[in-house]
Amino acid sequence: MSPITLPPDCRVGSTLLQLDSVDSTNSEIKRLAAQSAPDGLVVTARRQTAGRGRAGRTFHSPEDCGLYLSALLRPQLPPEAVAHFTAWTAVAVCDAVEATCGLRPQIKWINDLILNEKKLCGVLTELLLTDGRPDALVVGIGINVNHRPEDFPPELRESATSLAMELGQTVDLEELTRALILALNRLYADFPAQRANYLRRYRADCLTLGRLVRLTTPTDWRDAVAVDIDEEFRLLVELPDGSREAVRTGEASVRGPNGYL
């Protein structure tokens, strides 16, 4: 990929490291953060050998197929104020994809982007602590961009998609990367003052609402109907007995035509 050109006042991407290969952009950012890397550092890679998702999952990252990017942010905010950052990031990624490709993904609560009922992108946000105090946020984003069906392992071909597969043409990876960094820069400038705006947009993009979901914990699962996203970006669900509950963590699989997403 050619060097990305950004406006001189761009806080996110003010330091930009473009790698050919890395184990994980999130892992690389964390190593650099331990060496006092600056606020706004962005790391991209053409491939990841050990891409990571939520709950210890892997993120399939073949060379020159996807956008693999992590940003290091050092907001001077208490931990509870950054709990919404993953949801805000999902909105920012939707903005970047729409600006570049002319189509807008939907969000499966809380951090997956979906096109035509298949996964397009995942977001992994990690809070770094120093002496038990919040020190930085690592925001990792992996987008399936120019994958062909055969670029996915067999176990993912029915559940994953790419922008190229949906559009029927390749996507300019450099242009999408630039659009994503600019969207993250806007998010960072807006955070946390524009929470109401991002919450409204998150609700509009969220495909989970109004659908049957399966709530999964390490020990059990329950079925419910997703009815809203509350002010804390928690998923408000209605259980079979009519009671309602706000879900902050865990899996919420959405019932689709081919089973649970």
# chains A, B, ... in the order shown; residues from 1 in each chain; ligands from 1

call {"tool": "select_by_dssp", "arguments": {"residues": "region 43-211 of chain A", "states": "strand (DSSP E or B)", "output": "NGL selection string"}}
result
:A and (43-48 or 52 or 58 or 66-73 or 106-108 or 112-115 or 118-130 or 133-144 or 160 or 206)

call {"tool": "residues_around", "arguments": {"residues": "Ala224 (chain A)", "least_positions_apart": "4", "cutoff": "10 Å", "atoms": "only C-alpha atoms", "output": "ChimeraX atom specification"}}
result
/A:211-215,236-245,252,254

call {"tool": "write_last_selection", "arguments": {"atoms": "C-alpha atoms", "output": "PDB file, in the first residue's frame"}}
result
ATOM      1  CA  ARG A 211     -35.104  -9.426  16.435  1.00  0.00           C
ATOM      2  CA  LEU A 212     -34.858 -12.628  18.399  1.00  0.00           C
ATOM      3  CA  VAL A 213     -31.460 -12.941  20.046  1.00  0.00           C
ATOM      4  CA  ARG A 214     -29.706 -15.683  21.963  1.00  0.00           C
ATOM      5  CA  LEU A 215     -27.819 -14.354  24.985  1.00  0.00           C
ATOM      6  CA  LEU A 236     -32.212  -3.802  26.287  1.00  0.00           C
ATOM      7  CA  VAL A 237     -33.972  -7.154  25.843  1.00  0.00           C
ATOM      8  CA  GLU A 238     -37.387  -8.544  26.678  1.00  0.00           C
ATOM      9  CA  LEU A 239     -37.412 -12.064  28.113  1.00  0.00           C
ATOM     10  CA  PRO A 240     -40.162 -14.649  27.508  1.00  0.00           C
ATOM     11  CA  ASP A 241     -41.798 -13.792  30.872  1.00  0.00           C
ATOM     12  CA  GLY A 242     -42.205 -10.162  29.780  1.00  0.00           C
ATOM     13  CA  SER A 243     -39.460  -8.778  32.015  1.00  0.00           C
ATOM     14  CA  ARG A 244     -36.757  -6.540  30.594  1.00  0.00           C
ATOM     15  CA  GLU A 245     -33.038  -6.543  31.178  1.00  0.00           C
ATOM     16  CA  ALA A 252     -25.991 -11.695  21.651  1.00  0.00           C
ATOM     17  CA  VAL A 254     -29.120 -12.588  16.139  1.00  0.00           C
TER      18      VAL A 254
END

call {"tool": "closest_residue", "arguments": {"among": "A:Lys30, A:Arg222, A:Lys119, A:Arg74", "to": "Phe191 (chain A)", "atoms": "only C-alpha atoms"}}
result
A:Arg74

call {"tool": "closest_residue", "arguments": {"among": "A:Leu69, A:Ala204, A:Leu124, A:Leu41", "to": "Leu19 (chain A)", "atoms": "only C-alpha atoms"}}
result
A:Leu69

call {"tool": "closest_residue", "arguments": {"among": "A:Gln35, A:Glu63, A:Ser162, A:Pro7", "to": "Ser21 (chain A)", "atoms": "only C-alpha atoms"}}
result
A:Glu63
